[in-house]
Amino acid sequence: MPSIDFSRFPRYDTLVAHLRDFAAERPRLVELRVIGQSHEKRDIYVVVITNSDTGPAHDKPAYWIDGNIHATELLASTACLYFIQTLLGGYSTDPDTTRCLDTRAFYICPRVNPDGAEWALAEHPRLVRSGTRRYPYDEEPVEGLITQDIDGDGRILQMRVADPNGPWKPHPLEPRLLVRRDPSDAPGGEYFRVLPEGLLNNYDGVHVPVPGLAGNAQGLDLNRNFPALWRQEFEQAGAGPYPTSEPEVRAIVEFFVSHPNICGGTSLHTFSGALLRPLGSQPDDQMIPEDLWTFRAQGRKGEELTGYPAISVWHDFQYYPNQFISGSFDWIYEHLGRFTWTVELWNPKQAAGIDNNEWIHWFRDHRVSDDLKMYTWAQQVAPGEGYVDWRPFAHPQLGPVEIGGWQRTAIFSNPPPQLREQEIARLPKWLLWLNLIGPKLELRELNVVALGGDSWRVRLVVQNSGWLPSYVSKMGLKRKQTRGVLAEIALPAGARLLVGKPREELGELEGWAHLHTGISFWPNNRPTADLAYAEWVIEARAGTEIGMVSWHERAGRIATRATLVDRLPDGQL
Ligand SMILES: [Zn+2]
């Protein structure tokens, strides 16, 4: 197994080398695929993990995991590598991992957005929200501040300018830290204006506009470019000109469309330390109840295994009250009916010992004492990196400024190096569990009965051995995403089908996800809803071999053969 230092974020070439090492070390378990190319023509990799000795991935139910669609959320990428390593290490030593890779597959895309990550990891980084294509306009802005590393220290920080009308002042206990002025603070004190570190084009001497989502011309957010509830720029910033306009998103969408065996997916992000579930655009009482209950069951397990709370995007993670985010990876639930989670890895607030369970709104407003806690913690875990002391700098447009303050990418977007591995170690057990609960089509029984003469009755009984139903979610059922189980019989020359169709439709198979507790008074009217069978009567000579396949888009594919022999009175083969 390649040894990976999970405290370091790999640049693209190193990341790809790690993936190739995995495939070279465990060729029976790992296959690399390129699913598309980024805007800057970097290959986007998916790592396919399954035991190929028990069948190819596309014949098995599968689970999708991706990371790093947002440029600076590099821990997400590392979490994918860590998960791959955990799976490979666990195969044949851990029973759940072994069973999972024998019966199911993972599709893992460790770096959806290699361009944005490469910019973030450069010696002189450029920070963008997501993709590196200029958007919405294909020119560099002619005015305003472009965020960049201007003092050449490899970091993008903040600039402060002394200004008697500035809204910031030194923290009463720690003067290096800036906090907001009190509402009634008299003008003319020791105040500052704070700007992102960067250079100005055509500065008019008064205004400093800051363009885009991250202070630059690259205003895309690839996680707003998916088809479900996609909205134009005026309603949803960063959405792109049309759904899947961006090659990174199109690659994922095409992969899902061509891989109907994917039963669910988790997209890894930073930060907050939370497991986020749909819906993003409506409250829970608008959800299909069975799907909500399934999401809650998945969330409870996630809380137990990861330590992160499971929350609803609509109820707990809105950036602005009643304004929802759309066009995200939740597409896989909203259109395709696959259960999806967005994991926001890493909670710096909790790490700093701040007792507060608000998500987004803590950033907008919190106690001044929380700032000091955050600062003190940052000085312990990332001295001089999390919060950088202010240093004078002669700015070419603004004159004398100071550069310093929070380095967001060092402690907020991602944990400091020594805390990374313990953070990503939270995930593997839950991700494995999310795959193991999926539907799984299995052969239960195959019967051949001699009816006399050259006639035979063949019965193929199949079952869903998974917890989830074959259709996965009620949303998938509602949107007619699956056709149910199909079973085909293949007859050699000289054999003839007397009763039955060459392709039988067997319907959907339940799991036990919707089963009530033993105490429930509600009757279970379909106690065998996990079973189905196809039956054919054929005319063929004794000794003829026939083939049968049965499959379900999500639950997998099984193939079997039978020889027509009249040897057992009960017809059992
Ligand atoms: Zn993100």
# chains A, B, ... in the order shown; residues from 1 in each chain; ligands from 1
>>> select_by_dssp(residues="region 102-341 of chain A", states="alpha helix (DSSP H)", output="PyMOL selection string")
chain A and resi 102-103+114-121+247-258+289-306+313-316+331-334
>>> residues_around(residues="Tyr387 (chain A)", least_positions_apart="4", cutoff="6 Å", atoms="only C-alpha atoms", output="count of residues only")
3
>>> residues_near_ligand(ligand="ligand 1", cutoff="7 Å", atoms="only C-alpha atoms and all ligand atoms", output="JSON list (two decimals) with N, CA, C and O atoms, in the first residue's frame")
[["chain", "number", "residue", "atom", "x", "y", "z"],
["A", 69, "ILE", "N", -14.96, 19.94, -5.00],
["A", 69, "ILE", "CA", -15.58, 20.72, -6.08],
["A", 69, "ILE", "C", -15.31, 22.20, -5.83],
["A", 69, "ILE", "O", -15.22, 22.98, -6.77],
["A", 70, "HIS", "N", -15.19, 22.57, -4.58],
["A", 70, "HIS", "CA", -14.82, 23.93, -4.23],
["A", 70, "HIS", "C", -13.30, 24.00, -4.03],
["A", 70, "HIS", "O", -12.71, 23.14, -3.36],
["A", 73, "GLU", "N", -11.29, 23.67, -0.63],
["A", 73, "GLU", "CA", -11.74, 22.66, 0.33],
["A", 73, "GLU", "C", -10.93, 21.38, 0.15],
["A", 73, "GLU", "O", -11.45, 20.31, -0.15],
["A", 269, "HIS", "N", -17.08, 18.29, 1.40],
["A", 269, "HIS", "CA", -16.75, 19.72, 1.39],
["A", 269, "HIS", "C", -16.11, 20.06, 2.74],
["A", 269, "HIS", "O", -16.04, 19.24, 3.64],
["A", 270, "THR", "N", -15.71, 21.29, 2.87],
["A", 270, "THR", "CA", -15.40, 21.87, 4.17],
["A", 270, "THR", "C", -16.10, 23.23, 4.20],
["A", 270, "THR", "O", -16.38, 23.77, 3.13]]
>>> residues_around(residues="region 550-566 of chain A", least_positions_apart="5", cutoff="8 Å", atoms="only C-alpha atoms", output="MDAnalysis selection string")
chainID A and resid 58:62 260:263 438:443 448:450 456 464 470:472 482:488 541:545 571
>>> closest_residue(among="A:Val161, A:Val210, A:Leu506, A:Ala186", to="Glu143 (chain A)", atoms="only C-alpha atoms")
A:Val210
>>> residues_around(residues="Leu157 (chain A)", least_positions_apart="6", cutoff="9 Å", atoms="only C-alpha atoms", output="MDAnalysis selection string")
chainID A and resid 148:149 196:198 388 403:408
>>> residues_around(residues="Glu539 (chain A)", least_positions_apart="3", cutoff="6 Å", atoms="only C-alpha atoms", output="ChimeraX atom specification")
/A:454-455,495-496
>>> select_by_dssp(residues="region 332-411 of chain A", states="strand (DSSP E)", output="ChimeraX atom specification")
/A:339-345,387-395,399-406
>>> write_last_selection(atoms="N, CA and C atoms", output="short mmCIF file (atom, residue, chain, number, x, y, z; two decimals), in the first residue's frame")
data_model
loop_
_atom_site.label_atom_id
_atom_site.label_comp_id
_atom_site.auth_asym_id
_atom_site.auth_seq_id
_atom_site.Cartn_x
_atom_site.Cartn_y
_atom_site.Cartn_z
N PHE A 339 -30.28 8.69 -2.60
CA PHE A 339 -30.06 9.43 -1.36
C PHE A 339 -28.69 10.11 -1.37
N THR A 340 -28.67 11.37 -0.98
CA THR A 340 -27.41 12.11 -1.06
C THR A 340 -27.12 12.89 0.22
N TRP A 341 -25.85 12.98 0.50
CA TRP A 341 -25.39 13.78 1.64
C TRP A 341 -24.27 14.71 1.17
N THR A 342 -24.24 15.88 1.76
CA THR A 342 -23.12 16.79 1.59
C THR A 342 -22.46 16.90 2.96
N VAL A 343 -21.21 16.46 3.02
CA VAL A 343 -20.53 16.49 4.32
C VAL A 343 -19.63 17.71 4.36
N GLU A 344 -19.86 18.55 5.34
CA GLU A 344 -18.97 19.68 5.60
C GLU A 344 -18.00 19.23 6.68
N LEU A 345 -16.81 18.82 6.24
CA LEU A 345 -15.81 18.36 7.19
C LEU A 345 -15.29 19.52 8.03
N TYR A 387 -3.62 33.13 12.34
CA TYR A 387 -3.80 34.57 12.41
C TYR A 387 -2.41 35.20 12.31
N VAL A 388 -2.23 36.01 11.29
CA VAL A 388 -0.90 36.55 10.99
C VAL A 388 -0.85 37.99 11.50
N ASP A 389 0.20 38.25 12.27
CA ASP A 389 0.33 39.60 12.84
C ASP A 389 0.51 40.63 11.71
N TRP A 390 -0.04 41.81 11.93
CA TRP A 390 -0.04 42.84 10.88
C TRP A 390 1.36 43.37 10.64
N ARG A 391 1.73 43.47 9.35
CA ARG A 391 3.04 43.99 8.98
C ARG A 391 2.84 45.11 7.96
N PRO A 392 3.64 46.18 8.08
CA PRO A 392 3.48 47.30 7.14
C PRO A 392 3.84 46.89 5.71
N PHE A 393 3.14 47.46 4.77
CA PHE A 393 3.40 47.18 3.36
C PHE A 393 3.06 48.44 2.56
N ALA A 394 3.97 48.77 1.61
CA ALA A 394 3.72 49.95 0.78
C ALA A 394 2.88 49.51 -0.41
N HIS A 395 1.61 49.80 -0.36
CA HIS A 395 0.70 49.34 -1.41
C HIS A 395 0.78 50.30 -2.59
N GLY A 399 -1.15 53.19 -0.89
CA GLY A 399 -0.15 53.78 -0.01
C GLY A 399 0.13 52.85 1.15
N PRO A 400 0.49 53.42 2.32
CA PRO A 400 0.85 52.53 3.43
C PRO A 400 -0.35 51.76 3.96
N VAL A 401 -0.21 50.41 3.99
CA VAL A 401 -1.24 49.54 4.58
C VAL A 401 -0.51 48.55 5.47
N GLU A 402 -1.28 47.70 6.13
CA GLU A 402 -0.68 46.57 6.85
C GLU A 402 -1.34 45.29 6.33
N ILE A 403 -0.53 44.24 6.22
CA ILE A 403 -1.04 42.94 5.75
C ILE A 403 -0.98 41.96 6.90
N GLY A 404 -2.08 41.23 7.09
CA GLY A 404 -2.11 40.25 8.18
C GLY A 404 -3.54 39.75 8.38
N GLY A 405 -3.83 39.33 9.61
CA GLY A 405 -5.18 38.87 9.93
C GLY A 405 -5.36 37.37 9.69
N TRP A 406 -6.63 36.99 9.57
CA TRP A 406 -6.96 35.56 9.42
C TRP A 406 -6.46 35.03 8.09
#
>>> closest_atom_pairs(of="region 231-319 of chain A", to="region 428-435 of chain A", cutoff="10 Å", atoms="only C-alpha atoms", output="CSV")
residue,atom,partner,partner_atom,distance
A:Ile262,CA,A:Asn435,CA,9.5
A:Cys263,CA,A:Asn435,CA,7.9
A:Gly264,CA,A:Asn435,CA,7.7
A:Gly265,CA,A:Leu434,CA,8.6
A:Thr266,CA,A:Leu431,CA,8.0
A:Gln298,CA,A:Leu434,CA,7.4
A:Gly299,CA,A:Trp430,CA,9.6
A:Lys301,CA,A:Trp430,CA,7.1
A:Gly302,CA,A:Trp430,CA,5.8
A:Glu303,CA,A:Trp430,CA,9.0
A:Glu304,CA,A:Trp430,CA,8.8
A:Leu305,CA,A:Trp430,CA,5.9
A:Thr306,CA,A:Trp430,CA,7.0
>>> closest_residue(among="A:Ile424, A:Leu419, A:Leu87, A:Val112", to="Arg99 (chain A)", atoms="only C-alpha atoms")
A:Leu87
>>> closest_residue(among="A:Gly353, A:Pro416, A:Gly67, A:Gly337", to="Asp371 (chain A)", atoms="only C-alpha atoms")
A:Gly353
>>> residues_around(residues="Thr97 (chain A)", least_positions_apart="3", cutoff="12 Å", atoms="only C-alpha atoms", output="PDB file with N, CA, C and O atoms, in the first residue's frame")
ATOM      1  N   LEU A  29      -8.774  -4.953  -7.109  1.00  0.00           N
ATOM      2  CA  LEU A  29      -9.761  -4.140  -6.383  1.00  0.00           C
ATOM      3  C   LEU A  29      -9.932  -2.741  -6.955  1.00  0.00           C
ATOM      4  O   LEU A  29     -10.939  -2.087  -6.701  1.00  0.00           O
ATOM      5  N   ILE A  49     -13.788   0.959  -7.103  1.00  0.00           N
ATOM      6  CA  ILE A  49     -13.297  -0.033  -6.142  1.00  0.00           C
ATOM      7  C   ILE A  49     -14.336  -1.118  -5.938  1.00  0.00           C
ATOM      8  O   ILE A  49     -15.465  -0.858  -5.506  1.00  0.00           O
ATOM      9  N   THR A  50     -13.982  -2.318  -6.311  1.00  0.00           N
ATOM     10  CA  THR A  50     -14.809  -3.501  -6.056  1.00  0.00           C
ATOM     11  C   THR A  50     -13.915  -4.715  -6.253  1.00  0.00           C
ATOM     12  O   THR A  50     -12.842  -4.613  -6.864  1.00  0.00           O
ATOM     13  N   ASN A  51     -14.359  -5.846  -5.733  1.00  0.00           N
ATOM     14  CA  ASN A  51     -13.626  -7.079  -5.994  1.00  0.00           C
ATOM     15  C   ASN A  51     -13.991  -7.543  -7.397  1.00  0.00           C
ATOM     16  O   ASN A  51     -15.093  -8.054  -7.613  1.00  0.00           O
ATOM     17  N   PHE A  83     -10.126   7.391   2.516  1.00  0.00           N
ATOM     18  CA  PHE A  83     -11.171   6.369   2.442  1.00  0.00           C
ATOM     19  C   PHE A  83     -10.736   5.221   1.524  1.00  0.00           C
ATOM     20  O   PHE A  83     -10.942   4.050   1.846  1.00  0.00           O
ATOM     21  N   ILE A  84     -10.125   5.559   0.395  1.00  0.00           N
ATOM     22  CA  ILE A  84      -9.644   4.512  -0.516  1.00  0.00           C
ATOM     23  C   ILE A  84      -8.645   3.619   0.217  1.00  0.00           C
ATOM     24  O   ILE A  84      -8.720   2.391   0.184  1.00  0.00           O
ATOM     25  N   GLN A  85      -7.718   4.254   0.918  1.00  0.00           N
ATOM     26  CA  GLN A  85      -6.707   3.476   1.644  1.00  0.00           C
ATOM     27  C   GLN A  85      -7.350   2.586   2.711  1.00  0.00           C
ATOM     28  O   GLN A  85      -6.957   1.448   2.902  1.00  0.00           O
ATOM     29  N   THR A  86      -8.378   3.124   3.378  1.00  0.00           N
ATOM     30  CA  THR A  86      -9.074   2.345   4.408  1.00  0.00           C
ATOM     31  C   THR A  86      -9.775   1.136   3.796  1.00  0.00           C
ATOM     32  O   THR A  86      -9.739   0.029   4.352  1.00  0.00           O
ATOM     33  N   LEU A  87     -10.415   1.335   2.644  1.00  0.00           N
ATOM     34  CA  LEU A  87     -11.099   0.223   1.982  1.00  0.00           C
ATOM     35  C   LEU A  87     -10.110  -0.867   1.589  1.00  0.00           C
ATOM     36  O   LEU A  87     -10.341  -2.054   1.830  1.00  0.00           O
ATOM     37  N   LEU A  88      -8.997  -0.453   0.996  1.00  0.00           N
ATOM     38  CA  LEU A  88      -8.034  -1.440   0.514  1.00  0.00           C
ATOM     39  C   LEU A  88      -7.385  -2.168   1.683  1.00  0.00           C
ATOM     40  O   LEU A  88      -7.150  -3.376   1.636  1.00  0.00           O
ATOM     41  N   GLY A  89      -7.117  -1.435   2.753  1.00  0.00           N
ATOM     42  CA  GLY A  89      -6.535  -2.060   3.944  1.00  0.00           C
ATOM     43  C   GLY A  89      -7.520  -2.988   4.627  1.00  0.00           C
ATOM     44  O   GLY A  89      -7.146  -3.976   5.249  1.00  0.00           O
ATOM     45  N   GLY A  90      -8.819  -2.659   4.522  1.00  0.00           N
ATOM     46  CA  GLY A  90      -9.845  -3.435   5.220  1.00  0.00           C
ATOM     47  C   GLY A  90     -10.305  -4.652   4.450  1.00  0.00           C
ATOM     48  O   GLY A  90     -10.941  -5.549   5.016  1.00  0.00           O
ATOM     49  N   TYR A  91      -9.993  -4.681   3.150  1.00  0.00           N
ATOM     50  CA  TYR A  91     -10.464  -5.823   2.374  1.00  0.00           C
ATOM     51  C   TYR A  91      -9.740  -7.089   2.836  1.00  0.00           C
ATOM     52  O   TYR A  91      -8.513  -7.125   2.885  1.00  0.00           O
ATOM     53  N   SER A  92     -10.509  -8.093   3.185  1.00  0.00           N
ATOM     54  CA  SER A  92     -10.056  -9.394   3.679  1.00  0.00           C
ATOM     55  C   SER A  92      -9.653  -9.361   5.160  1.00  0.00           C
ATOM     56  O   SER A  92      -9.423 -10.412   5.745  1.00  0.00           O
ATOM     57  N   THR A  93      -9.600  -8.187   5.769  1.00  0.00           N
ATOM     58  CA  THR A  93      -9.361  -8.169   7.216  1.00  0.00           C
ATOM     59  C   THR A  93     -10.607  -7.710   7.971  1.00  0.00           C
ATOM     60  O   THR A  93     -10.884  -8.184   9.069  1.00  0.00           O
ATOM     61  N   ASP A  94     -11.379  -6.795   7.395  1.00  0.00           N
ATOM     62  CA  ASP A  94     -12.591  -6.315   8.053  1.00  0.00           C
ATOM     63  C   ASP A  94     -13.814  -6.925   7.352  1.00  0.00           C
ATOM     64  O   ASP A  94     -13.971  -6.762   6.137  1.00  0.00           O
ATOM     65  N   CYS A 100     -18.711  -5.679   1.532  1.00  0.00           N
ATOM     66  CA  CYS A 100     -19.103  -4.541   0.702  1.00  0.00           C
ATOM     67  C   CYS A 100     -18.422  -4.600  -0.672  1.00  0.00           C
ATOM     68  O   CYS A 100     -19.064  -4.406  -1.704  1.00  0.00           O
ATOM     69  N   LEU A 101     -17.133  -4.868  -0.690  1.00  0.00           N
ATOM     70  CA  LEU A 101     -16.424  -4.866  -1.977  1.00  0.00           C
ATOM     71  C   LEU A 101     -16.686  -6.153  -2.775  1.00  0.00           C
ATOM     72  O   LEU A 101     -16.515  -6.162  -3.994  1.00  0.00           O
ATOM     73  N   ASP A 102     -17.113  -7.213  -2.097  1.00  0.00           N
ATOM     74  CA  ASP A 102     -17.497  -8.427  -2.830  1.00  0.00           C
ATOM     75  C   ASP A 102     -18.846  -8.260  -3.526  1.00  0.00           C
ATOM     76  O   ASP A 102     -19.089  -8.857  -4.574  1.00  0.00           O
ATOM     77  N   THR A 103     -19.726  -7.489  -2.904  1.00  0.00           N
ATOM     78  CA  THR A 103     -21.104  -7.425  -3.417  1.00  0.00           C
ATOM     79  C   THR A 103     -21.452  -6.084  -4.034  1.00  0.00           C
ATOM     80  O   THR A 103     -22.483  -5.959  -4.692  1.00  0.00           O
ATOM     81  N   ARG A 104     -20.634  -5.077  -3.802  1.00  0.00           N
ATOM     82  CA  ARG A 104     -20.965  -3.716  -4.209  1.00  0.00           C
ATOM     83  C   ARG A 104     -19.710  -3.004  -4.722  1.00  0.00           C
ATOM     84  O   ARG A 104     -18.620  -3.565  -4.686  1.00  0.00           O
ATOM     85  N   ALA A 105     -19.899  -1.779  -5.181  1.00  0.00           N
ATOM     86  CA  ALA A 105     -18.760  -1.018  -5.708  1.00  0.00           C
ATOM     87  C   ALA A 105     -18.805   0.414  -5.187  1.00  0.00           C
ATOM     88  O   ALA A 105     -19.867   0.907  -4.791  1.00  0.00           O
ATOM     89  N   PHE A 106     -17.640   1.041  -5.172  1.00  0.00           N
ATOM     90  CA  PHE A 106     -17.546   2.481  -4.911  1.00  0.00           C
ATOM     91  C   PHE A 106     -17.009   3.175  -6.143  1.00  0.00           C
ATOM     92  O   PHE A 106     -16.096   2.652  -6.811  1.00  0.00           O
ATOM     93  N   PRO A 428     -14.860   6.932   7.192  1.00  0.00           N
ATOM     94  CA  PRO A 428     -14.963   5.662   6.468  1.00  0.00           C
ATOM     95  C   PRO A 428     -16.080   4.724   6.925  1.00  0.00           C
ATOM     96  O   PRO A 428     -16.772   4.148   6.095  1.00  0.00           O
ATOM     97  N   LYS A 429     -16.274   4.582   8.226  1.00  0.00           N
ATOM     98  CA  LYS A 429     -17.288   3.616   8.681  1.00  0.00           C
ATOM     99  C   LYS A 429     -18.678   3.984   8.166  1.00  0.00           C
ATOM    100  O   LYS A 429     -19.467   3.123   7.768  1.00  0.00           O
ATOM    101  N   TRP A 430     -18.981   5.279   8.171  1.00  0.00           N
ATOM    102  CA  TRP A 430     -20.327   5.688   7.718  1.00  0.00           C
ATOM    103  C   TRP A 430     -20.461   5.535   6.201  1.00  0.00           C
ATOM    104  O   TRP A 430     -21.490   5.068   5.710  1.00  0.00           O
ATOM    105  N   LEU A 431     -19.428   5.896   5.469  1.00  0.00           N
ATOM    106  CA  LEU A 431     -19.493   5.763   4.009  1.00  0.00           C
ATOM    107  C   LEU A 431     -19.671   4.300   3.613  1.00  0.00           C
ATOM    108  O   LEU A 431     -20.423   3.978   2.687  1.00  0.00           O
ATOM    109  N   LEU A 432     -18.998   3.427   4.322  1.00  0.00           N
ATOM    110  CA  LEU A 432     -19.153   1.995   4.069  1.00  0.00           C
ATOM    111  C   LEU A 432     -20.596   1.563   4.362  1.00  0.00           C
ATOM    112  O   LEU A 432     -21.228   0.855   3.576  1.00  0.00           O
ATOM    113  N   TRP A 433     -21.107   2.035   5.479  1.00  0.00           N
ATOM    114  CA  TRP A 433     -22.480   1.700   5.892  1.00  0.00           C
ATOM    115  C   TRP A 433     -23.483   2.187   4.850  1.00  0.00           C
ATOM    116  O   TRP A 433     -24.443   1.475   4.505  1.00  0.00           O
ATOM    117  N   LEU A 434     -23.266   3.385   4.324  1.00  0.00           N
ATOM    118  CA  LEU A 434     -24.199   3.936   3.334  1.00  0.00           C
ATOM    119  C   LEU A 434     -24.256   3.076   2.069  1.00  0.00           C
ATOM    120  O   LEU A 434     -25.282   3.016   1.398  1.00  0.00           O
ATOM    121  N   ASN A 435     -23.163   2.420   1.752  1.00  0.00           N
ATOM    122  CA  ASN A 435     -23.170   1.522   0.599  1.00  0.00           C
ATOM    123  C   ASN A 435     -23.817   0.182   0.961  1.00  0.00           C
ATOM    124  O   ASN A 435     -24.627  -0.355   0.197  1.00  0.00           O
ATOM    125  N   LEU A 436     -23.502  -0.322   2.153  1.00  0.00           N
ATOM    126  CA  LEU A 436     -24.011  -1.648   2.556  1.00  0.00           C
ATOM    127  C   LEU A 436     -25.529  -1.704   2.696  1.00  0.00           C
ATOM    128  O   LEU A 436     -26.118  -2.777   2.619  1.00  0.00           O
TER     129      LEU A 436
END
>>> closest_atom_pairs(of="region 166-236 of chain A", to="region 122-136 of chain A", cutoff="8 Å", atoms="only C-alpha atoms", output="JSON lines")
{"residue": "A:Leu213", "atom": "CA", "partner": "A:Arg129", "partner_atom": "CA", "distance": 6.2}
{"residue": "A:Ala214", "atom": "CA", "partner": "A:Val128", "partner_atom": "CA", "distance": 5.4}
{"residue": "A:Gly215", "atom": "CA", "partner": "A:Val128", "partner_atom": "CA", "distance": 7.8}
{"residue": "A:Asn216", "atom": "CA", "partner": "A:Val128", "partner_atom": "CA", "distance": 7.1}
{"residue": "A:Ala217", "atom": "CA", "partner": "A:Arg134", "partner_atom": "CA", "distance": 5.4}
{"residue": "A:Gln218", "atom": "CA", "partner": "A:Arg134", "partner_atom": "CA", "distance": 4.4}
{"residue": "A:Gly219", "atom": "CA", "partner": "A:Tyr135", "partner_atom": "CA", "distance": 5.0}
{"residue": "A:Leu220", "atom": "CA", "partner": "A:Gly131", "partner_atom": "CA", "distance": 5.8}
{"residue": "A:Asp221", "atom": "CA", "partner": "A:Ser130", "partner_atom": "CA", "distance": 5.1}
{"residue": "A:Leu222", "atom": "CA", "partner": "A:Ser130", "partner_atom": "CA", "distance": 6.0}
>>> write_last_selection(atoms="C-alpha atoms", output="compact mmCIF listing (two decimals), in the first residue's frame")
# COMPACT_ATOMS: atom_id res chain seq x y z
CA LEU A 213 -17.57 35.24 -5.30
CA ALA A 214 -13.97 35.25 -4.09
CA GLY A 215 -12.67 38.65 -5.12
CA ASN A 216 -11.69 37.81 -8.69
CA ALA A 217 -13.02 37.36 -12.22
CA GLN A 218 -13.65 33.62 -11.70
CA GLY A 219 -17.21 33.80 -10.40
CA LEU A 220 -18.35 30.23 -10.97
CA ASP A 221 -19.65 27.92 -8.31
CA LEU A 222 -19.66 24.46 -9.84
>>> closest_residue(among="A:Asp182, A:Asp115, A:Asp151, A:Asp163", to="Gln37 (chain A)", atoms="only C-alpha atoms")
A:Asp115
>>> residues_around(residues="Pro172 (chain A)", least_positions_apart="5", cutoff="10 Å", atoms="only C-alpha atoms", output="VMD selection string")
chain A and resid 177 to 179 368 to 369 372
>>> atom_distance(atom1="CA of Arg231 (chain A)", atom2="CA of Glu254 (chain A)")
19.9 Å
>>> closest_residue(among="A:Trp346, A:Phe329, A:Trp362, A:Phe192", to="Phe226 (chain A)", atoms="only C-alpha atoms")
A:Phe329
>>> decode(residues="region 248-253 of chain A", atoms="all heavy atoms", output="compact mmCIF listing (two decimals), in the first residue's frame")
# COMPACT_ATOMS: atom_id res chain seq x y z
N GLU A 248 -16.61 20.01 -15.65
CA GLU A 248 -16.45 19.18 -14.45
C GLU A 248 -17.82 18.63 -14.01
O GLU A 248 -17.94 17.46 -13.62
CB GLU A 248 -15.84 20.01 -13.31
CG GLU A 248 -14.43 20.55 -13.60
CD GLU A 248 -14.43 21.87 -14.40
OE1 GLU A 248 -15.51 22.34 -14.79
OE2 GLU A 248 -13.33 22.41 -14.60
N VAL A 249 -18.83 19.49 -14.05
CA VAL A 249 -20.17 19.06 -13.65
C VAL A 249 -20.77 18.14 -14.70
O VAL A 249 -21.39 17.12 -14.39
CB VAL A 249 -21.07 20.29 -13.40
CG1 VAL A 249 -22.52 19.86 -13.15
CG2 VAL A 249 -20.53 21.10 -12.24
N ARG A 250 -20.53 18.47 -15.96
CA ARG A 250 -21.07 17.62 -17.04
C ARG A 250 -20.49 16.20 -16.93
O ARG A 250 -21.20 15.22 -17.13
CB ARG A 250 -20.77 18.23 -18.40
CG ARG A 250 -21.56 17.57 -19.52
CD ARG A 250 -21.66 18.46 -20.75
NE ARG A 250 -20.36 18.81 -21.29
CZ ARG A 250 -19.83 20.03 -21.31
NH1 ARG A 250 -20.52 21.06 -20.82
NH2 ARG A 250 -18.64 20.26 -21.80
N ALA A 251 -19.21 16.10 -16.57
CA ALA A 251 -18.60 14.78 -16.44
C ALA A 251 -19.31 13.96 -15.37
O ALA A 251 -19.58 12.77 -15.56
CB ALA A 251 -17.11 14.93 -16.10
N ILE A 252 -19.63 14.59 -14.25
CA ILE A 252 -20.32 13.87 -13.17
C ILE A 252 -21.72 13.48 -13.61
O ILE A 252 -22.17 12.34 -13.41
CB ILE A 252 -20.38 14.73 -11.89
CG1 ILE A 252 -18.97 14.93 -11.32
CG2 ILE A 252 -21.28 14.09 -10.85
CD1 ILE A 252 -18.94 15.81 -10.10
N VAL A 253 -22.42 14.42 -14.21
CA VAL A 253 -23.81 14.15 -14.62
C VAL A 253 -23.84 13.01 -15.64
O VAL A 253 -24.65 12.08 -15.54
CB VAL A 253 -24.45 15.44 -15.17
CG1 VAL A 253 -25.76 15.14 -15.89
CG2 VAL A 253 -24.69 16.43 -14.02
